[in-house]
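Q: So that you have it, the file is entry-v2.txt, and it contains compact mmCIF, N, CA and C atoms:
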```
# COMPACT_ATOMS: atom_id res chain seq x y z
N MET Q 1 0.82 -1.18 0.00
CA MET Q 1 0.00 0.00 0.00
C MET Q 1 0.87 1.25 0.00
N ALA Q 2 1.81 1.35 0.92
CA ALA Q 2 2.64 2.54 1.02
C ALA Q 2 3.81 2.52 0.04
N ASP Q 3 4.01 1.39 -0.65
CA ASP Q 3 5.15 1.29 -1.56
C ASP Q 3 5.07 2.28 -2.71
N GLU Q 4 3.85 2.59 -3.18
CA GLU Q 4 3.77 3.53 -4.30
C GLU Q 4 4.15 4.94 -3.87
N ASN Q 5 4.14 5.22 -2.56
CA ASN Q 5 4.52 6.54 -2.06
C ASN Q 5 5.95 6.58 -1.54
N ARG Q 6 6.66 5.46 -1.62
CA ARG Q 6 8.03 5.42 -1.14
C ARG Q 6 8.87 6.44 -1.90
N TYR Q 7 9.60 7.23 -1.17
CA TYR Q 7 10.49 8.27 -1.69
C TYR Q 7 9.74 9.43 -2.36
N ARG Q 8 8.43 9.47 -2.25
CA ARG Q 8 7.67 10.58 -2.79
C ARG Q 8 7.65 11.70 -1.77
N SER Q 9 7.89 12.90 -2.18
CA SER Q 9 7.91 14.05 -1.28
C SER Q 9 6.54 14.27 -0.66
N TRP Q 10 6.56 14.84 0.53
CA TRP Q 10 5.32 15.18 1.21
C TRP Q 10 4.83 16.53 0.69
N SER Q 11 3.56 16.61 0.38
CA SER Q 11 2.99 17.89 -0.03
C SER Q 11 2.57 18.67 1.23
N ARG Q 12 2.37 19.98 1.05
CA ARG Q 12 1.92 20.79 2.18
C ARG Q 12 0.55 20.32 2.66
N MET Q 13 -0.28 19.87 1.73
CA MET Q 13 -1.62 19.40 2.08
C MET Q 13 -1.53 18.14 2.94
N GLU Q 14 -0.63 17.22 2.57
CA GLU Q 14 -0.45 16.00 3.36
C GLU Q 14 0.06 16.32 4.76
N GLU Q 15 1.00 17.25 4.85
CA GLU Q 15 1.54 17.64 6.16
C GLU Q 15 0.46 18.27 7.02
N ALA Q 16 -0.38 19.10 6.43
CA ALA Q 16 -1.47 19.73 7.17
C ALA Q 16 -2.47 18.68 7.65
N ARG Q 17 -2.79 17.75 6.76
CA ARG Q 17 -3.71 16.68 7.13
C ARG Q 17 -3.12 15.81 8.24
N LEU Q 18 -1.82 15.55 8.17
CA LEU Q 18 -1.13 14.80 9.21
C LEU Q 18 -1.24 15.51 10.55
N ALA Q 19 -1.00 16.82 10.55
CA ALA Q 19 -1.07 17.60 11.79
C ALA Q 19 -2.46 17.54 12.40
N VAL Q 20 -3.49 17.61 11.57
CA VAL Q 20 -4.86 17.55 12.07
C VAL Q 20 -5.15 16.17 12.66
N LEU Q 21 -4.73 15.12 11.97
CA LEU Q 21 -4.98 13.76 12.47
C LEU Q 21 -4.26 13.50 13.78
N VAL Q 22 -3.03 13.99 13.89
CA VAL Q 22 -2.28 13.82 15.14
C VAL Q 22 -2.95 14.59 16.26
N ALA Q 23 -3.41 15.81 15.98
CA ALA Q 23 -4.08 16.62 16.98
C ALA Q 23 -5.39 15.98 17.45
N CYS Q 24 -6.00 15.19 16.60
CA CYS Q 24 -7.25 14.49 16.94
C CYS Q 24 -7.00 13.13 17.58
N ASP Q 25 -5.74 12.84 17.92
CA ASP Q 25 -5.36 11.58 18.57
C ASP Q 25 -5.72 10.34 17.76
N VAL Q 26 -5.62 10.45 16.45
CA VAL Q 26 -5.84 9.29 15.59
C VAL Q 26 -4.58 8.41 15.67
N PRO Q 27 -4.73 7.10 15.88
CA PRO Q 27 -3.55 6.23 15.98
C PRO Q 27 -2.71 6.27 14.71
N ARG Q 28 -1.39 6.10 14.88
CA ARG Q 28 -0.47 6.19 13.75
C ARG Q 28 -0.79 5.18 12.65
N ASP Q 29 -1.18 3.96 13.03
CA ASP Q 29 -1.46 2.98 11.98
C ASP Q 29 -2.66 3.40 11.13
N GLU Q 30 -3.63 4.05 11.75
CA GLU Q 30 -4.78 4.55 10.98
C GLU Q 30 -4.39 5.75 10.11
N ILE Q 31 -3.53 6.61 10.65
CA ILE Q 31 -3.03 7.74 9.86
C ILE Q 31 -2.29 7.22 8.63
N ALA Q 32 -1.49 6.18 8.84
CA ALA Q 32 -0.72 5.59 7.74
C ALA Q 32 -1.65 5.10 6.64
N VAL Q 33 -2.74 4.47 7.01
CA VAL Q 33 -3.71 3.98 6.02
C VAL Q 33 -4.35 5.15 5.29
N ARG Q 34 -4.77 6.15 6.04
CA ARG Q 34 -5.44 7.31 5.42
C ARG Q 34 -4.53 8.07 4.46
N LEU Q 35 -3.25 8.20 4.82
CA LEU Q 35 -2.33 8.95 3.97
C LEU Q 35 -1.54 8.06 3.00
N LYS Q 36 -1.81 6.78 3.06
CA LYS Q 36 -1.14 5.81 2.18
C LYS Q 36 0.38 5.91 2.32
N ARG Q 37 0.83 5.91 3.57
CA ARG Q 37 2.25 5.93 3.91
C ARG Q 37 2.51 4.84 4.93
N SER Q 38 3.76 4.50 5.15
CA SER Q 38 4.10 3.51 6.17
C SER Q 38 4.05 4.17 7.55
N CYS Q 39 3.91 3.34 8.60
CA CYS Q 39 3.90 3.86 9.97
C CYS Q 39 5.21 4.56 10.29
N SER Q 40 6.31 4.00 9.80
CA SER Q 40 7.60 4.63 10.08
C SER Q 40 7.72 5.98 9.36
N ALA Q 41 7.15 6.10 8.17
CA ALA Q 41 7.17 7.37 7.46
C ALA Q 41 6.33 8.41 8.21
N ILE Q 42 5.23 7.97 8.77
CA ILE Q 42 4.37 8.87 9.55
C ILE Q 42 5.14 9.36 10.77
N GLY Q 43 5.77 8.44 11.48
CA GLY Q 43 6.55 8.81 12.66
C GLY Q 43 7.68 9.75 12.34
N ALA Q 44 8.38 9.48 11.24
CA ALA Q 44 9.50 10.33 10.85
C ALA Q 44 9.02 11.74 10.49
N ARG Q 45 7.90 11.83 9.79
CA ARG Q 45 7.40 13.15 9.40
C ARG Q 45 6.89 13.92 10.62
N ILE Q 46 6.24 13.23 11.56
CA ILE Q 46 5.77 13.88 12.79
C ILE Q 46 6.97 14.45 13.54
N SER Q 47 8.02 13.65 13.63
CA SER Q 47 9.23 14.09 14.32
C SER Q 47 9.87 15.28 13.61
N ARG Q 48 9.96 15.18 12.29
CA ARG Q 48 10.60 16.24 11.51
C ARG Q 48 9.83 17.55 11.60
N LEU Q 49 8.50 17.46 11.64
CA LEU Q 49 7.68 18.67 11.72
C LEU Q 49 7.61 19.21 13.15
N GLY Q 50 7.99 18.37 14.11
CA GLY Q 50 7.94 18.80 15.51
C GLY Q 50 6.52 19.00 16.00
N ILE Q 51 5.63 18.15 15.55
CA ILE Q 51 4.23 18.27 15.95
C ILE Q 51 4.11 17.86 17.41
N ALA Q 52 3.70 18.80 18.26
CA ALA Q 52 3.66 18.56 19.71
C ALA Q 52 2.57 17.58 20.11
N GLY Q 53 1.56 17.41 19.29
CA GLY Q 53 0.46 16.53 19.65
C GLY Q 53 0.85 15.07 19.65
N ASP Q 54 2.05 14.73 19.19
CA ASP Q 54 2.48 13.34 19.14
C ASP Q 54 3.05 12.90 20.48
N VAL Q 55 2.19 12.57 21.39
CA VAL Q 55 2.59 12.08 22.70
C VAL Q 55 2.16 10.63 22.78
N ARG Q 56 3.07 9.79 23.22
CA ARG Q 56 2.72 8.38 23.34
C ARG Q 56 1.64 8.21 24.38
N ARG Q 57 0.73 7.29 24.09
CA ARG Q 57 -0.38 7.03 24.99
C ARG Q 57 0.14 6.43 26.28
N ARG Q 58 -0.15 7.05 27.39
CA ARG Q 58 0.31 6.57 28.69
C ARG Q 58 -0.55 5.40 29.15
N PHE Q 59 0.04 4.55 29.98
CA PHE Q 59 -0.71 3.43 30.53
C PHE Q 59 -1.60 3.92 31.66
N SER Q 60 -2.83 3.46 31.67
CA SER Q 60 -3.77 3.84 32.73
C SER Q 60 -3.62 2.88 33.90
N GLU Q 61 -4.23 3.23 35.02
CA GLU Q 61 -4.20 2.36 36.21
C GLU Q 61 -4.86 1.02 35.91
N SER Q 62 -5.94 1.04 35.13
CA SER Q 62 -6.62 -0.22 34.81
C SER Q 62 -5.74 -1.10 33.92
N GLU Q 63 -4.96 -0.49 33.02
CA GLU Q 63 -4.04 -1.27 32.20
C GLU Q 63 -2.91 -1.85 33.06
N ASP Q 64 -2.42 -1.05 34.02
CA ASP Q 64 -1.41 -1.55 34.94
C ASP Q 64 -1.93 -2.75 35.72
N ARG Q 65 -3.19 -2.65 36.20
CA ARG Q 65 -3.79 -3.78 36.93
C ARG Q 65 -3.94 -5.00 36.02
N ALA Q 66 -4.29 -4.75 34.75
CA ALA Q 66 -4.43 -5.87 33.80
C ALA Q 66 -3.09 -6.55 33.56
N ILE Q 67 -2.02 -5.79 33.49
CA ILE Q 67 -0.69 -6.37 33.29
C ILE Q 67 -0.29 -7.19 34.51
N ARG Q 68 -0.45 -6.60 35.70
CA ARG Q 68 -0.10 -7.32 36.93
C ARG Q 68 -0.93 -8.60 37.06
N GLY Q 69 -2.24 -8.46 36.89
CA GLY Q 69 -3.14 -9.61 37.03
C GLY Q 69 -2.90 -10.66 35.96
N GLY Q 70 -2.66 -10.21 34.75
CA GLY Q 70 -2.42 -11.15 33.65
C GLY Q 70 -1.17 -11.96 33.88
N ARG Q 71 -0.09 -11.30 34.29
CA ARG Q 71 1.17 -12.03 34.55
C ARG Q 71 1.02 -12.95 35.74
N ALA Q 72 0.31 -12.49 36.78
CA ALA Q 72 0.09 -13.34 37.96
C ALA Q 72 -0.75 -14.57 37.59
N GLY Q 73 -1.63 -14.39 36.62
CA GLY Q 73 -2.48 -15.49 36.16
C GLY Q 73 -1.83 -16.37 35.09
N GLY Q 74 -0.60 -16.05 34.72
CA GLY Q 74 0.11 -16.88 33.75
C GLY Q 74 -0.08 -16.48 32.29
N MET Q 75 -0.70 -15.32 32.04
CA MET Q 75 -0.88 -14.89 30.65
C MET Q 75 0.45 -14.48 30.04
N THR Q 76 0.59 -14.68 28.75
CA THR Q 76 1.79 -14.23 28.05
C THR Q 76 1.68 -12.73 27.78
N TYR Q 77 2.82 -12.12 27.51
CA TYR Q 77 2.81 -10.70 27.19
C TYR Q 77 2.04 -10.45 25.90
N ALA Q 78 2.14 -11.37 24.96
CA ALA Q 78 1.41 -11.22 23.69
C ALA Q 78 -0.10 -11.20 23.93
N ALA Q 79 -0.59 -12.08 24.80
CA ALA Q 79 -2.02 -12.14 25.10
C ALA Q 79 -2.49 -10.86 25.81
N ILE Q 80 -1.68 -10.39 26.75
CA ILE Q 80 -2.02 -9.15 27.45
C ILE Q 80 -2.04 -7.99 26.47
N ALA Q 81 -1.07 -7.95 25.58
CA ALA Q 81 -0.99 -6.87 24.59
C ALA Q 81 -2.23 -6.87 23.70
N ARG Q 82 -2.65 -8.04 23.23
CA ARG Q 82 -3.85 -8.12 22.39
C ARG Q 82 -5.07 -7.61 23.16
N ARG Q 83 -5.16 -7.99 24.42
CA ARG Q 83 -6.29 -7.59 25.25
C ARG Q 83 -6.33 -6.08 25.46
N LEU Q 84 -5.17 -5.46 25.58
CA LEU Q 84 -5.10 -4.02 25.83
C LEU Q 84 -5.03 -3.19 24.55
N GLY Q 85 -4.82 -3.83 23.42
CA GLY Q 85 -4.66 -3.08 22.18
C GLY Q 85 -3.33 -2.36 22.11
N ARG Q 86 -2.32 -2.98 22.68
CA ARG Q 86 -0.96 -2.43 22.72
C ARG Q 86 -0.01 -3.40 22.05
N SER Q 87 1.21 -2.96 21.81
CA SER Q 87 2.22 -3.87 21.27
C SER Q 87 2.81 -4.69 22.41
N GLU Q 88 3.33 -5.86 22.08
CA GLU Q 88 3.95 -6.71 23.09
C GLU Q 88 5.15 -6.01 23.72
N GLY Q 89 5.93 -5.31 22.91
CA GLY Q 89 7.09 -4.59 23.42
C GLY Q 89 6.69 -3.51 24.42
N ALA Q 90 5.59 -2.80 24.14
CA ALA Q 90 5.13 -1.75 25.05
C ALA Q 90 4.69 -2.35 26.38
N VAL Q 91 4.02 -3.50 26.32
CA VAL Q 91 3.55 -4.15 27.55
C VAL Q 91 4.74 -4.65 28.36
N LYS Q 92 5.75 -5.23 27.69
CA LYS Q 92 6.94 -5.69 28.41
C LYS Q 92 7.67 -4.52 29.05
N CYS Q 93 7.79 -3.44 28.34
CA CYS Q 93 8.47 -2.25 28.86
C CYS Q 93 7.72 -1.72 30.09
N ARG Q 94 6.40 -1.66 30.01
CA ARG Q 94 5.61 -1.18 31.15
C ARG Q 94 5.73 -2.15 32.32
N ALA Q 95 5.76 -3.46 32.04
CA ALA Q 95 5.91 -4.45 33.11
C ALA Q 95 7.22 -4.24 33.85
N ARG Q 96 8.29 -3.97 33.10
CA ARG Q 96 9.58 -3.67 33.75
C ARG Q 96 9.44 -2.44 34.64
N GLY Q 97 8.75 -1.42 34.16
CA GLY Q 97 8.54 -0.21 34.94
C GLY Q 97 7.72 -0.45 36.19
N LEU Q 98 6.86 -1.46 36.15
CA LEU Q 98 6.04 -1.81 37.32
C LEU Q 98 6.78 -2.74 38.27
N GLY Q 99 8.01 -3.14 37.89
CA GLY Q 99 8.79 -4.02 38.75
C GLY Q 99 8.51 -5.49 38.52
N ILE Q 100 7.87 -5.82 37.41
CA ILE Q 100 7.61 -7.21 37.08
C ILE Q 100 8.79 -7.73 36.27
N ALA Q 101 9.39 -8.82 36.72
CA ALA Q 101 10.56 -9.37 36.03
C ALA Q 101 10.16 -9.86 34.65
N VAL Q 102 10.92 -9.45 33.66
CA VAL Q 102 10.70 -9.89 32.29
C VAL Q 102 11.89 -10.74 31.90
N ARG Q 103 11.67 -12.06 31.83
CA ARG Q 103 12.75 -12.98 31.50
C ARG Q 103 12.77 -13.22 30.01
N ARG Q 104 13.98 -13.32 29.48
CA ARG Q 104 14.13 -13.70 28.08
C ARG Q 104 14.09 -15.21 27.98
N GLN Q 105 13.42 -15.68 26.98
CA GLN Q 105 13.33 -17.11 26.75
C GLN Q 105 14.33 -17.52 25.69
N ALA Q 106 14.82 -18.74 25.79
CA ALA Q 106 15.66 -19.28 24.72
C ALA Q 106 14.77 -19.45 23.49
N GLY Q 107 15.37 -19.56 22.33
CA GLY Q 107 14.61 -19.64 21.09
C GLY Q 107 13.58 -20.74 21.05
N ASN Q 108 13.83 -21.88 21.72
CA ASN Q 108 12.87 -22.98 21.67
C ASN Q 108 11.92 -22.95 22.85
N GLY Q 109 11.93 -21.88 23.66
CA GLY Q 109 11.03 -21.78 24.79
C GLY Q 109 11.57 -22.41 26.05
N ALA Q 110 12.71 -23.07 25.98
CA ALA Q 110 13.29 -23.71 27.15
C ALA Q 110 14.04 -22.68 27.98
N SER Q 111 14.13 -22.92 29.28
CA SER Q 111 14.84 -21.98 30.12
C SER Q 111 16.33 -22.26 30.14
N LYS Q 112 16.77 -23.46 29.75
CA LYS Q 112 18.19 -23.80 29.68
C LYS Q 112 18.56 -24.09 28.23
N PRO Q 113 19.81 -23.79 27.86
CA PRO Q 113 20.23 -24.16 26.52
C PRO Q 113 20.37 -25.68 26.40
N ALA Q 114 20.29 -26.17 25.20
CA ALA Q 114 20.39 -27.61 24.96
C ALA Q 114 21.81 -28.10 25.24
N PRO Q 115 21.97 -29.37 25.64
CA PRO Q 115 23.32 -29.91 25.84
C PRO Q 115 24.13 -29.80 24.55
N ARG Q 116 25.46 -29.63 24.69
CA ARG Q 116 26.31 -29.49 23.51
C ARG Q 116 27.65 -30.15 23.76
N LYS Q 117 28.47 -30.22 22.69
CA LYS Q 117 29.80 -30.81 22.78
C LYS Q 117 30.79 -29.78 23.29
N CYS Q 118 31.66 -30.21 24.20
CA CYS Q 118 32.73 -29.36 24.70
C CYS Q 118 33.76 -29.19 23.58
N LEU Q 119 34.20 -27.99 23.36
CA LEU Q 119 35.16 -27.72 22.29
C LEU Q 119 36.56 -28.22 22.62
N VAL Q 120 36.83 -28.53 23.89
CA VAL Q 120 38.16 -29.00 24.27
C VAL Q 120 38.27 -30.51 24.14
N HIS Q 121 37.38 -31.26 24.81
CA HIS Q 121 37.51 -32.72 24.79
C HIS Q 121 36.44 -33.43 23.97
N GLY Q 122 35.43 -32.72 23.50
CA GLY Q 122 34.43 -33.30 22.60
C GLY Q 122 33.29 -34.02 23.28
N GLY Q 123 33.32 -34.13 24.61
CA GLY Q 123 32.22 -34.80 25.33
C GLY Q 123 31.02 -33.88 25.50
N ARG Q 124 29.85 -34.47 25.77
CA ARG Q 124 28.62 -33.70 25.94
C ARG Q 124 28.58 -33.10 27.35
N PHE Q 125 28.01 -31.90 27.48
CA PHE Q 125 27.81 -31.28 28.78
C PHE Q 125 26.62 -30.33 28.70
N GLN Q 126 26.08 -29.98 29.87
CA GLN Q 126 24.95 -29.06 29.94
C GLN Q 126 25.49 -27.66 30.26
N PRO Q 127 25.46 -26.73 29.30
CA PRO Q 127 25.98 -25.39 29.56
C PRO Q 127 25.07 -24.62 30.53
N ALA Q 128 25.67 -23.74 31.29
CA ALA Q 128 24.90 -22.91 32.22
C ALA Q 128 24.20 -21.77 31.48
N HIS Q 129 24.78 -21.34 30.38
CA HIS Q 129 24.18 -20.28 29.57
C HIS Q 129 24.50 -20.53 28.10
N ARG Q 130 23.86 -19.83 27.23
CA ARG Q 130 23.96 -20.12 25.80
C ARG Q 130 25.31 -19.78 25.19
N HIS Q 131 26.16 -19.03 25.89
CA HIS Q 131 27.47 -18.66 25.35
C HIS Q 131 28.60 -19.52 25.91
N GLU Q 132 28.27 -20.62 26.52
CA GLU Q 132 29.28 -21.50 27.11
C GLU Q 132 29.54 -22.68 26.17
N PHE Q 133 30.82 -22.84 25.77
CA PHE Q 133 31.16 -23.90 24.82
C PHE Q 133 32.24 -24.83 25.33
N VAL Q 134 32.72 -24.58 26.54
CA VAL Q 134 33.73 -25.45 27.17
C VAL Q 134 33.18 -25.87 28.51
N CYS Q 135 33.26 -27.18 28.80
CA CYS Q 135 32.69 -27.69 30.04
C CYS Q 135 33.49 -27.22 31.25
N LEU Q 136 32.88 -27.28 32.42
CA LEU Q 136 33.51 -26.82 33.65
C LEU Q 136 34.74 -27.65 33.99
N ALA Q 137 34.71 -28.97 33.74
CA ALA Q 137 35.87 -29.82 34.03
C ALA Q 137 37.09 -29.37 33.23
N CYS Q 138 36.90 -29.04 31.97
CA CYS Q 138 38.02 -28.57 31.15
C CYS Q 138 38.52 -27.21 31.62
N LYS Q 139 37.60 -26.34 32.04
CA LYS Q 139 38.01 -25.02 32.51
C LYS Q 139 38.79 -25.11 33.82
N GLU Q 140 38.53 -26.15 34.60
CA GLU Q 140 39.24 -26.32 35.87
C GLU Q 140 40.57 -27.06 35.71
N SER Q 141 40.88 -27.54 34.51
CA SER Q 141 42.13 -28.28 34.30
C SER Q 141 43.32 -27.33 34.35
N GLU Q 142 44.48 -27.91 34.66
CA GLU Q 142 45.71 -27.11 34.75
C GLU Q 142 46.07 -26.47 33.41
N GLU Q 143 45.86 -27.22 32.30
CA GLU Q 143 46.20 -26.69 30.97
C GLU Q 143 45.36 -25.43 30.67
N TRP Q 144 44.06 -25.51 31.00
CA TRP Q 144 43.17 -24.37 30.75
C TRP Q 144 43.61 -23.18 31.62
N GLN Q 145 43.86 -23.46 32.88
CA GLN Q 145 44.25 -22.40 33.83
C GLN Q 145 45.56 -21.74 33.39
N ALA Q 146 46.47 -22.53 32.81
CA ALA Q 146 47.76 -22.00 32.36
C ALA Q 146 47.65 -21.24 31.04
N GLY Q 147 46.52 -21.35 30.40
CA GLY Q 147 46.31 -20.64 29.14
C GLY Q 147 46.80 -21.40 27.92
N ALA Q 148 46.97 -22.74 28.04
CA ALA Q 148 47.45 -23.54 26.92
C ALA Q 148 46.47 -23.52 25.76
N TRP Q 149 45.20 -23.28 26.04
CA TRP Q 149 44.18 -23.26 24.99
C TRP Q 149 44.34 -22.07 24.07
N MET Q 150 45.09 -21.08 24.48
CA MET Q 150 45.27 -19.88 23.66
C MET Q 150 46.26 -20.07 22.54
N GLY Q 151 47.03 -21.19 22.60
CA GLY Q 151 47.93 -21.50 21.51
C GLY Q 151 49.27 -21.05 21.69
```
Could you render the structure from this file as C-alpha cells?

A:
Amino acid sequence: MADENRYRSWSRMEEARLAVLVACDVPRDEIAVRLKRSCSAIGARISRLGIAGDVRRRFSESEDRAIRGGRAGGMTYAAIARRLGRSEGAVKCRARGLGIAVRRQAGNGASKPAPRKCLVHGGRFQPAHRHEFVCLACKESEEWQAGAWMG
C-alpha cells in the first residue's frame, strides 16, 4: 500500500492533514492507512515537523492492573498486549517499569540451553548459559588455567 509513495515528497496538504490527524489523537497505523504511507514514514514526518500533539499514549491504572493480574495469572505478554490493544514490546516495557521481572526465553522456549559438545575434549555437557562452549571440568584443568588453549 505505502510502496507507491516510497520516496515521494510530502505535499503541504499531506503535512497539514497529518497535523490535524495527530491533533485528533488518531492512531499512527490509521493515519498511515489514510495517507497511504508507512507507519515509520508517519513517525518520521511527525518528528521532523515537531508536531507537539504526538505524545505516546500513557498506561492507565486499569491497564497496569491488567498487566499485573495477567502475569500473575500466567498470561503471556502477547495475550495481554492483544487484550489491551498495545504492542507486546510496550507491555513488556511497562511491566519492567512496574517491577515485574521480564525474562528472556531461549529460542525454543526452554529456560536452559540444549546440551552441547565441549570444544576441548568433545564430550557432551549441559551449559549454564547459551554462550558456554567449554565444560567446567576442562576449565578447571591445569592446561586451561595456564592458558594452553590460547595457543

Q: Can you work out which one of Q:Arg116, Q:Arg83, Q:Arg57, Q:Lys92 has the shortest atom-to-atom distance to Arg28 of chain Q, counting only C-alpha atoms?

A: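 Nearest to Arg28 of chain Q: Q:Arg57.
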
Q: Would you kindly return, as a ChimeraX atom specification, each protein, DNA or RNA residue with an atom no farther than 12 Å from any atom of Leu98 of chain Q, considering only C-alpha atoms and excluding same-chain residues fewer than 6 positions away?

A: /Q:59,61,63-68,71,91-92

Q: Generate a file of the selected residues that holds N, CA and C atoms, formatted as a PDB file, in the coordinates of the input.

A:
```
ATOM      1  N   PHE Q  59       0.040   4.550  29.980  1.00  0.00           N
ATOM      2  CA  PHE Q  59      -0.710   3.430  30.530  1.00  0.00           C
ATOM      3  C   PHE Q  59      -1.600   3.920  31.660  1.00  0.00           C
ATOM      4  N   GLU Q  61      -4.230   3.230  35.020  1.00  0.00           N
ATOM      5  CA  GLU Q  61      -4.200   2.360  36.210  1.00  0.00           C
ATOM      6  C   GLU Q  61      -4.860   1.020  35.910  1.00  0.00           C
ATOM      7  N   GLU Q  63      -4.960  -0.490  33.020  1.00  0.00           N
ATOM      8  CA  GLU Q  63      -4.040  -1.270  32.200  1.00  0.00           C
ATOM      9  C   GLU Q  63      -2.910  -1.850  33.060  1.00  0.00           C
ATOM     10  N   ASP Q  64      -2.420  -1.050  34.020  1.00  0.00           N
ATOM     11  CA  ASP Q  64      -1.410  -1.550  34.940  1.00  0.00           C
ATOM     12  C   ASP Q  64      -1.930  -2.750  35.720  1.00  0.00           C
ATOM     13  N   ARG Q  65      -3.190  -2.650  36.200  1.00  0.00           N
ATOM     14  CA  ARG Q  65      -3.790  -3.780  36.930  1.00  0.00           C
ATOM     15  C   ARG Q  65      -3.940  -5.000  36.020  1.00  0.00           C
ATOM     16  N   ALA Q  66      -4.290  -4.750  34.750  1.00  0.00           N
ATOM     17  CA  ALA Q  66      -4.430  -5.870  33.800  1.00  0.00           C
ATOM     18  C   ALA Q  66      -3.090  -6.550  33.560  1.00  0.00           C
ATOM     19  N   ILE Q  67      -2.020  -5.790  33.490  1.00  0.00           N
ATOM     20  CA  ILE Q  67      -0.690  -6.370  33.290  1.00  0.00           C
ATOM     21  C   ILE Q  67      -0.290  -7.190  34.510  1.00  0.00           C
ATOM     22  N   ARG Q  68      -0.450  -6.600  35.700  1.00  0.00           N
ATOM     23  CA  ARG Q  68      -0.100  -7.320  36.930  1.00  0.00           C
ATOM     24  C   ARG Q  68      -0.930  -8.600  37.060  1.00  0.00           C
ATOM     25  N   ARG Q  71      -0.090 -11.300  34.290  1.00  0.00           N
ATOM     26  CA  ARG Q  71       1.170 -12.030  34.550  1.00  0.00           C
ATOM     27  C   ARG Q  71       1.020 -12.950  35.740  1.00  0.00           C
ATOM     28  N   VAL Q  91       4.020  -3.500  26.320  1.00  0.00           N
ATOM     29  CA  VAL Q  91       3.550  -4.150  27.550  1.00  0.00           C
ATOM     30  C   VAL Q  91       4.740  -4.650  28.360  1.00  0.00           C
ATOM     31  N   LYS Q  92       5.750  -5.230  27.690  1.00  0.00           N
ATOM     32  CA  LYS Q  92       6.940  -5.690  28.410  1.00  0.00           C
ATOM     33  C   LYS Q  92       7.670  -4.520  29.050  1.00  0.00           C
TER      34      LYS Q  92
END
```

Q: Please extract the residues of chain Q with a backbone DSSP assignment of strand (DSSP E) and present them as a PyMOL selection string.

A: chain Q and resi 116-117+124-125

Q: For atom C of Phe133 of chain Q and atom C of Ala101 of chain Q, determine how far apart the two atoms are, in Å to one decimal place.

A: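 Result for atom C of Phe133 of chain Q versus atom C of Ala101 of chain Q: 28.3 Å, one decimal.
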
Q: Calculated over only C-alpha atoms, which of the candidates Q:Lys112, Q:Gly89, Q:Glu140, Q:Thr76 has the smallest distance to Pro127 of chain Q?

A: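 Of Q:Lys112, Q:Gly89, Q:Glu140, Q:Thr76, the one nearest Pro127 of chain Q, counting only C-alpha atoms, is Q:Lys112.
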
Q: Could you tell me how far atom N of Gly69 of chain Q sits from atom C of Gly99 of chain Q, in Å to one decimal place?

A: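 Computed distance, atom C of Gly99 of chain Q to atom N of Gly69 of chain Q, equals 11.3 Å.
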
Q: Work out how far atom CA of Ser60 of chain Q is from atom CA of Tyr77 of chain Q, in Å to one decimal.

A: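 A separation of 16.9 Å between them.
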
Q: Would you compute the box with edges along x, y and z of the file around segment 43-51 of chain Q, including every atom the file lists for it and 8 Å extra on each side, and give its centre and edge lengths in Å to one decimal, as lines of an AutoDock Vina configuration file?

A:
```
center_x = 7.4
center_y = 13.8
center_z = 13.4
size_x = 22.5
size_y = 26.8
size_z = 24.0
```

Q: Pick out the closest residue to Ala95 of chain Q from this set: Q:Gly123, Q:Gly70, Q:Gly43, Q:Pro27. Count only C-alpha atoms.

A: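 Nearest to Ala95 of chain Q: Q:Gly70.
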
Q: Apply DSSP to the backbone of this structure and, from chain Q, keep only the residues in alpha helix (DSSP H); write these as a PyMOL selection string.

A: chain Q and resi 12-23+28-35+39-49+61-72+77-84+88-97+136-139+142-146
